[in-house]
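This report concerns only the one structure given below.
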There are 2 protein chains.
Amino acid sequence: MEYPGRGDAARTMALLWDGAPTPRRGPRQRLDLARIVDAAIAEADRSGPAALSMRALAHTLGIGPASLYTYVPGKAELLELMVDRVAGGRPLPSADAGWRAGLRDLAASDLAAFRAHPWLLQVATSRTVFGPSVLARHDAALALLDGYGLAAIDIVGCVAAVEAYTRGAASAVVEAEQAPALTGSSDDEWWEERAPLLGERMAGRFPRLAALEEAGAFAVSDSALPYTLQRALDRFAFGLDLVLDSVGARIAAARD
Amino acid sequence: MEYPGRGDAARTMALLWDGAPTPRRGPRQRLDLARIVDAAIAEADRSGPAALSMRALAHTLGIGPASLYTYVPGKAELLELMVDRVAGGRPLPSADAGWRAGLRDLAASDLAAFRAHPWLLQVATSRTVFGPSVLARHDAALALLDGYGLAAIDIVGCVAAVEAYTRGAASAVVEAEQAPALTGSSDDEWWEERAPLLGERMAGRFPRLAALEEAGAFAVSDSALPYTLQRALDRFAFGLDLVLDSVGARIAAARD
DNA sequence: TAAAAACACCGTACACCGTTCGGTGTATTC
DNA sequence: GAATACACCGAACGGTGTACGGTGTTTTTA
C-alpha cells in the first residue's frame with residue numbers, strides 16, 4: 001500500500017490508528033501486529049529497550065529477521081507502537097471520586113506502568129507518541145480537573161506537573177527496583193563491591209549526607225542496600241502529596 | 001538506554017574519585033582523562049548518548065579505538081565519568097538567599113544541565129552515579145533545607161520531590177527543544193507530515209484536548225508546533241511553584 | 001651501561017546490531 | 001491457466017563495543 005506523504009511518519013500513523021492494512025492478494029500474513037508488539041513488550045520487559053533486538057524478536061516469533069520489516073517499518077516505529085499499546089492496556093483514571101483521588105489514581109497507574117515496563121522511561125524521553133491510547137489518557141487526565149473553576153492553562157499546568165513528577169519519581173523507584181537486574185549481580189554484591197571504597201572517600205566530606213544517614217533517612221555507607229524499594233515508594237507518596245496539596249490550594253483559590 | 005560491559009567496580013570508583021593512576025614505567029600517556037571525558041561530553045551533546053561511539057571518539061582524539069580502553073574500562077564507565085564531570089562543572093546551589101531561592105536555584109541549574117546535555121536524562125535513569133561531584137551536589141541540596149525545623153526524613157522527601165519533578169519536567173522541555181534535531185528534519189516538517197493524519201482521526205474523539213486547544217492552552221492539530229519551547233518552560237515554572245509552595249507549607253507547619 | 005620490566009598503543013578480529021536487497025514460492029485475481 | 005501482488009527469507013552491508021597479541025618506547029634495575 002502506498003502512503004501519502006511517503007515518509008515512515010504516515011505509515012506509523014496508520015499503524016497506530018488503523019492497525020495493519022489487509023492486502024487483497026498474496027498469502028496471508030502468519031502473524032498479526034498485536035502479537036508482534038506484545039512479544040516485543042515482553043522482551044523489552046525482560047532485558048531493556050536497547051537489548052531488544054529485532055533479530056531476537058523475529059526468532060521468538062518464528063520468522064526470519066527480514067520478515068519483521070514486513071509488519072513494521074523499523075525499530076523506532078515498533079517502540080512507538082509498544083508505548084501506545086501499553087497506554088491502552090490499563091484503565092483510564094476516573095474522575096468519579098473527586099480530583100484528588102483521580103490524580104492519585106493517574107500517578108499510581110503511571111507508576112505501575114513504569115515499574116512493569118521500565119523501558120518506557122527511556123523510550124518516552126525522546127518524543128511524545130501521538131497514538132490513540134496515549135492521547136486518550138491525556139484527555140482523561142485533563143478531565144480530572146474539569147469543573148473546579150480552574151483556568152484552562154492551569155488545568156494543563158497541574159496535570160503536567162503531576163505527570164512530570166510521576167515520571168521523575170518513578171525513575172527513582174525503578175532504579176531501586178531494577179538496579180540488581182541490570183548488572184546481573186545481586187544488589188548486595190553490587191553494593192558490597194563499592195561500599196568500602198565509598199565509605200573511605202566520603203569520610204567527613206559530606207556532612208549533610210552523614211547526618212541524615214544517622215537519622216535513618218538516608219543510607220549510603222552501611223552494608224544495607226543504598227536505595228531500598230520501600231524507601232523509594234515512601235518518597236514517591238510523599239512528593240506526590242506535595243504536588244496534590246498545591247493543586248488543592250489552586251482549586252481553593254479559584255473557588256473564591 | 002542500556003549499556004554493555006561492566007568493568008570492575010573498584011577501578012571505576014578509583015577513576016571517579018582519584019583520577020587516572022600515574023604509572024612509573026613505560027611511555028607517558030598522550031592524553032589525560034579529563035580531555036577524553038570532555039571530548040565524549042561534547043560528542044554526546046552533539047549526537048546523543050547512543051550515537052556516541054568509542055571508535056568515533058578515539059578518532060577525534062587522534063588515537064586508535066583500542067587505545068581508548070587504556071584510559072577507561074568501557075563505555076558504561078565513561079558515561080559515569082561524564083555524569084560526574086557535568087555535575088562538577090556547575091556551581092552548587094546556595095542556601096544564602098533562603099530555602100525557596102535555593103531550591104529554585106537547584107532546579108534551574110539542573111534544568112540548564114539537562115538542556116545543555118540531553119543525554120543526561122537517558123543515562124541517569126539506570127543508576128545513580130556515586131561520584132564525588134554528584135554526591136557533593138546531593139549534600140548541598142540537602143543543606144538548603146537545614147535549620148527550618150523539618151524532620152530529617154522530610155528534608156530528604158522535599159529535596160527528592162524537587163529533583164524528581166525537575167527531572168520529569170526537564171524531559172518535557174528537552175523534548176520540545178531537541179525534537180527537530182533527532183529526526184534530522186525541521187520541526188515544521190515533522191509536524192506537517194503528521195498533522196493532517198492526526199486531525200482527521202482525532203476529530204470528536206477527545207473533547208478535553210479539543211476544548212483546551214481552543215482555549216489556547218494546548219495545541220495539537222493546528223499548523224503551529226505541538227510543543228513550543230516557551231510553553232514547556234512556562235509549565236516547568238508553574239509546576240515548580242506547586243512543589244515549592246507545598247514545601248513552604250511543611251516548613252510553616254514545622255514551625256508551630 | 002646493558003638488560004629487564006612495565007607500559008602505551010594499535011591492527012585485527014569477533015560477535016553482535018538494524019536494515020536492505022534480490023530472489024522464491026504462494027495465494028488471489030483476471 | 002496466467003498474471004499479479006504479496007509474504008517470507010538468506011545473505012550481506014556498514015556499523016557497534018570490546019578482547020587479544022604484538023610492537024615499540026620509556027623507566028627502573030643490576
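In the C-alpha cells, chains take letters A, B, ... by order of appearance, with residues numbered from 1 within each chain and ligands from 1 in the order shown.
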
- [ ] Can you check the Cα RMSD once chain B has been least-squares fitted onto chain A over every paired atom, in order?
- [x]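 After superposition, the RMSD is 3.5 Å.
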
Compile a residue-level contact table for chain C against chain A at a cut-off of 6 Å, reporting for every qualifying residue the shortest atom pair and its distance in Å to one decimal, with only C-alpha atoms (C1' of nucleotides) counted, rows ordered by chain and ascending number, as CSV.
```
residue,atom,partner,partner_atom,distance
C:DT26,C1',A:Pro27,CA,5.8
C:DA27,C1',A:Gly26,CA,4.5
C:DT28,C1',A:Arg25,CA,4.7
```

Those same residues, written as a compact mmCIF listing (two decimals), in the first residue's frame with N, CA and C atoms (P, O5', C5', C4', C3', O3' and C1' of nucleotides)?
```txt
# COMPACT_ATOMS: atom_id res chain seq x y z
P DT C 26 5.13 -23.06 -2.28
O5' DT C 26 3.86 -22.19 -1.86
C5' DT C 26 3.99 -21.27 -0.79
C4' DT C 26 2.91 -20.21 -0.90
C3' DT C 26 1.57 -20.73 -1.41
O3' DT C 26 0.55 -20.16 -0.61
C1' DT C 26 2.21 -18.87 -2.67
P DA C 27 -0.72 -21.07 -0.13
O5' DA C 27 -1.95 -20.08 -0.30
C5' DA C 27 -1.96 -18.86 0.44
C4' DA C 27 -2.46 -17.74 -0.45
C3' DA C 27 -3.87 -17.95 -0.99
O3' DA C 27 -4.70 -16.95 -0.42
C1' DA C 27 -2.36 -17.18 -2.70
P DT C 28 -6.29 -17.01 -0.54
O5' DT C 28 -6.54 -15.98 -1.73
C5' DT C 28 -6.35 -14.60 -1.52
C4' DT C 28 -6.17 -13.90 -2.84
C3' DT C 28 -7.46 -13.72 -3.66
O3' DT C 28 -7.75 -12.35 -3.69
C1' DT C 28 -5.59 -14.33 -5.02
```

Task: chain A contacts to chain B at 7 Å (only C-alpha atoms) as a PyMOL selection string - done: chain A and resi 5+9-10+48-50+122+125-127+136+139+142-143+152-153+156-158+161+164-165+167-169+171+175+179+193-194+206+208-209+212+215+217+235+238-239+242-243+245-246

Taking only C-alpha atoms (C1' of nucleotides) into account, produce a table as a tab-separated table in which each residue of chain D with an atom at most 12 Å from an atom of region 1-20 of chain C appears once, together with its shortest atom pair and the distance in Å to one decimal, ordered by chain and rising number.
```
residue	atom	partner	partner_atom	distance
D:DA11	C1'	C:DT20	C1'	10.6
D:DA12	C1'	C:DT20	C1'	8.7
D:DC13	C1'	C:DT20	C1'	8.2
D:DG14	C1'	C:DT19	C1'	9.9
D:DG15	C1'	C:DC17	C1'	7.8
D:DT16	C1'	C:DC17	C1'	6.7
D:DG17	C1'	C:DC16	C1'	9.0
D:DT18	C1'	C:DC14	C1'	9.0
D:DA19	C1'	C:DC14	C1'	8.5
D:DC20	C1'	C:DA13	C1'	8.7
D:DG21	C1'	C:DT12	C1'	9.6
D:DG22	C1'	C:DC10	C1'	9.2
D:DT23	C1'	C:DC9	C1'	8.7
D:DG24	C1'	C:DC9	C1'	8.8
D:DT25	C1'	C:DA8	C1'	8.2
D:DT26	C1'	C:DC7	C1'	8.1
D:DT27	C1'	C:DA6	C1'	8.3
D:DT28	C1'	C:DA5	C1'	7.7
D:DT29	C1'	C:DA4	C1'	7.5
D:DA30	C1'	C:DA3	C1'	8.0
```

Output as CSV one row per residue of chain D within 12 Å of chain A: the closest atom pair and its distance in Å to one decimal place, counting only C-alpha atoms (C1' of nucleotides), sorted by chain and residue number ascending.
```
residue,atom,partner,partner_atom,distance
D:DA3,C1',A:Arg25,CA,11.7
D:DT4,C1',A:Arg25,CA,8.0
D:DA5,C1',A:Arg25,CA,5.4
D:DC6,C1',A:Gly26,CA,4.2
D:DA7,C1',A:Pro27,CA,6.2
D:DC8,C1',A:Ser67,CA,5.9
D:DC9,C1',A:Gly64,CA,6.2
D:DG10,C1',A:Gly64,CA,9.2
D:DA11,C1',A:Ala66,CA,10.8
```

Emit the selected residues as a JSON list (two decimals), in the first residue's frame, including N, CA and C atoms (P, O5', C5', C4', C3', O3' and C1' of nucleotides).
```
[["chain", "number", "residue", "atom", "x", "y", "z"],
["D", 3, "DA", "P", 1.00, -14.42, -18.72],
["D", 3, "DA", "O5'", 0.57, -13.38, -17.59],
["D", 3, "DA", "C5'", -0.68, -12.71, -17.71],
["D", 3, "DA", "C4'", -1.01, -12.00, -16.41],
["D", 3, "DA", "C3'", 0.14, -11.18, -15.82],
["D", 3, "DA", "O3'", -0.35, -9.88, -15.55],
["D", 3, "DA", "C1'", -0.76, -12.63, -14.18],
["D", 4, "DT", "P", 0.62, -8.71, -15.17],
["D", 4, "DT", "O5'", 0.36, -8.59, -13.61],
["D", 4, "DT", "C5'", -0.98, -8.64, -13.12],
["D", 4, "DT", "C4'", -0.98, -8.86, -11.63],
["D", 4, "DT", "C3'", 0.12, -8.11, -10.89],
["D", 4, "DT", "O3'", -0.49, -7.35, -9.88],
["D", 4, "DT", "C1'", -0.04, -10.33, -10.13],
["D", 5, "DA", "P", 0.02, -5.90, -9.46],
["D", 5, "DA", "O5'", -0.07, -6.00, -7.87],
["D", 5, "DA", "C5'", -1.25, -6.54, -7.29],
["D", 5, "DA", "C4'", -0.88, -7.38, -6.08],
["D", 5, "DA", "C3'", 0.10, -6.71, -5.13],
["D", 5, "DA", "O3'", -0.50, -6.70, -3.84],
["D", 5, "DA", "C1'", 0.75, -8.93, -5.58],
["D", 6, "DC", "P", -0.01, -5.70, -2.72],
["D", 6, "DC", "O5'", 0.65, -6.71, -1.69],
["D", 6, "DC", "C5'", -0.13, -7.81, -1.23],
["D", 6, "DC", "C4'", 0.74, -9.00, -0.96],
["D", 6, "DC", "C3'", 1.88, -8.78, 0.02],
["D", 6, "DC", "O3'", 1.38, -9.03, 1.33],
["D", 6, "DC", "C1'", 2.37, -10.40, -1.71],
["D", 7, "DA", "P", 2.28, -8.84, 2.60],
["D", 7, "DA", "O5'", 2.88, -10.30, 2.76],
["D", 7, "DA", "C5'", 2.01, -11.39, 3.00],
["D", 7, "DA", "C4'", 2.81, -12.64, 3.34],
["D", 7, "DA", "C3'", 3.78, -12.47, 4.50],
["D", 7, "DA", "O3'", 3.77, -13.66, 5.28],
["D", 7, "DA", "C1'", 4.99, -12.95, 2.50],
["D", 8, "DC", "P", 4.63, -13.72, 6.60],
["D", 8, "DC", "O5'", 6.02, -14.25, 6.08],
["D", 8, "DC", "C5'", 6.07, -15.52, 5.43],
["D", 8, "DC", "C4'", 7.43, -15.71, 4.79],
["D", 8, "DC", "C3'", 8.63, -15.47, 5.72],
["D", 8, "DC", "O3'", 9.13, -16.73, 6.11],
["D", 8, "DC", "C1'", 8.98, -14.64, 3.50],
["D", 9, "DC", "P", 10.20, -16.85, 7.24],
["D", 9, "DC", "O5'", 11.56, -16.83, 6.41],
["D", 9, "DC", "C5'", 11.70, -17.71, 5.31],
["D", 9, "DC", "C4'", 12.93, -17.35, 4.52],
["D", 9, "DC", "C3'", 14.16, -17.07, 5.38],
["D", 9, "DC", "O3'", 15.20, -17.91, 4.95],
["D", 9, "DC", "C1'", 13.89, -15.39, 3.75],
["D", 10, "DG", "P", 16.30, -18.42, 5.96],
["D", 10, "DG", "O5'", 17.60, -18.39, 5.02],
["D", 10, "DG", "C5'", 17.44, -18.69, 3.63],
["D", 10, "DG", "C4'", 18.64, -18.18, 2.86],
["D", 10, "DG", "C3'", 19.95, -18.13, 3.64],
["D", 10, "DG", "O3'", 21.03, -18.46, 2.76],
["D", 10, "DG", "C1'", 19.30, -15.92, 3.05],
["D", 11, "DA", "P", 22.52, -18.40, 3.25],
["D", 11, "DA", "O5'", 23.00, -16.96, 2.79],
["D", 11, "DA", "C5'", 22.61, -16.49, 1.49],
["D", 11, "DA", "C4'", 23.09, -15.06, 1.31],
["D", 11, "DA", "C3'", 24.44, -14.76, 1.98],
["D", 11, "DA", "O3'", 25.28, -14.13, 1.03],
["D", 11, "DA", "C1'", 22.81, -13.15, 2.61]]
```

Open item on the list: For the structure I just gave you, how does DSSP split region 41-230 of chain B - specifically, which residues are alpha helix (DSSP H)? Reply as number ranges by chain.
Closed with: B: 41-47, 54-61, 65-71, 75-88, 99-116, 119-123, 132-143, 152-183, 187-202, 207-214, 229-230
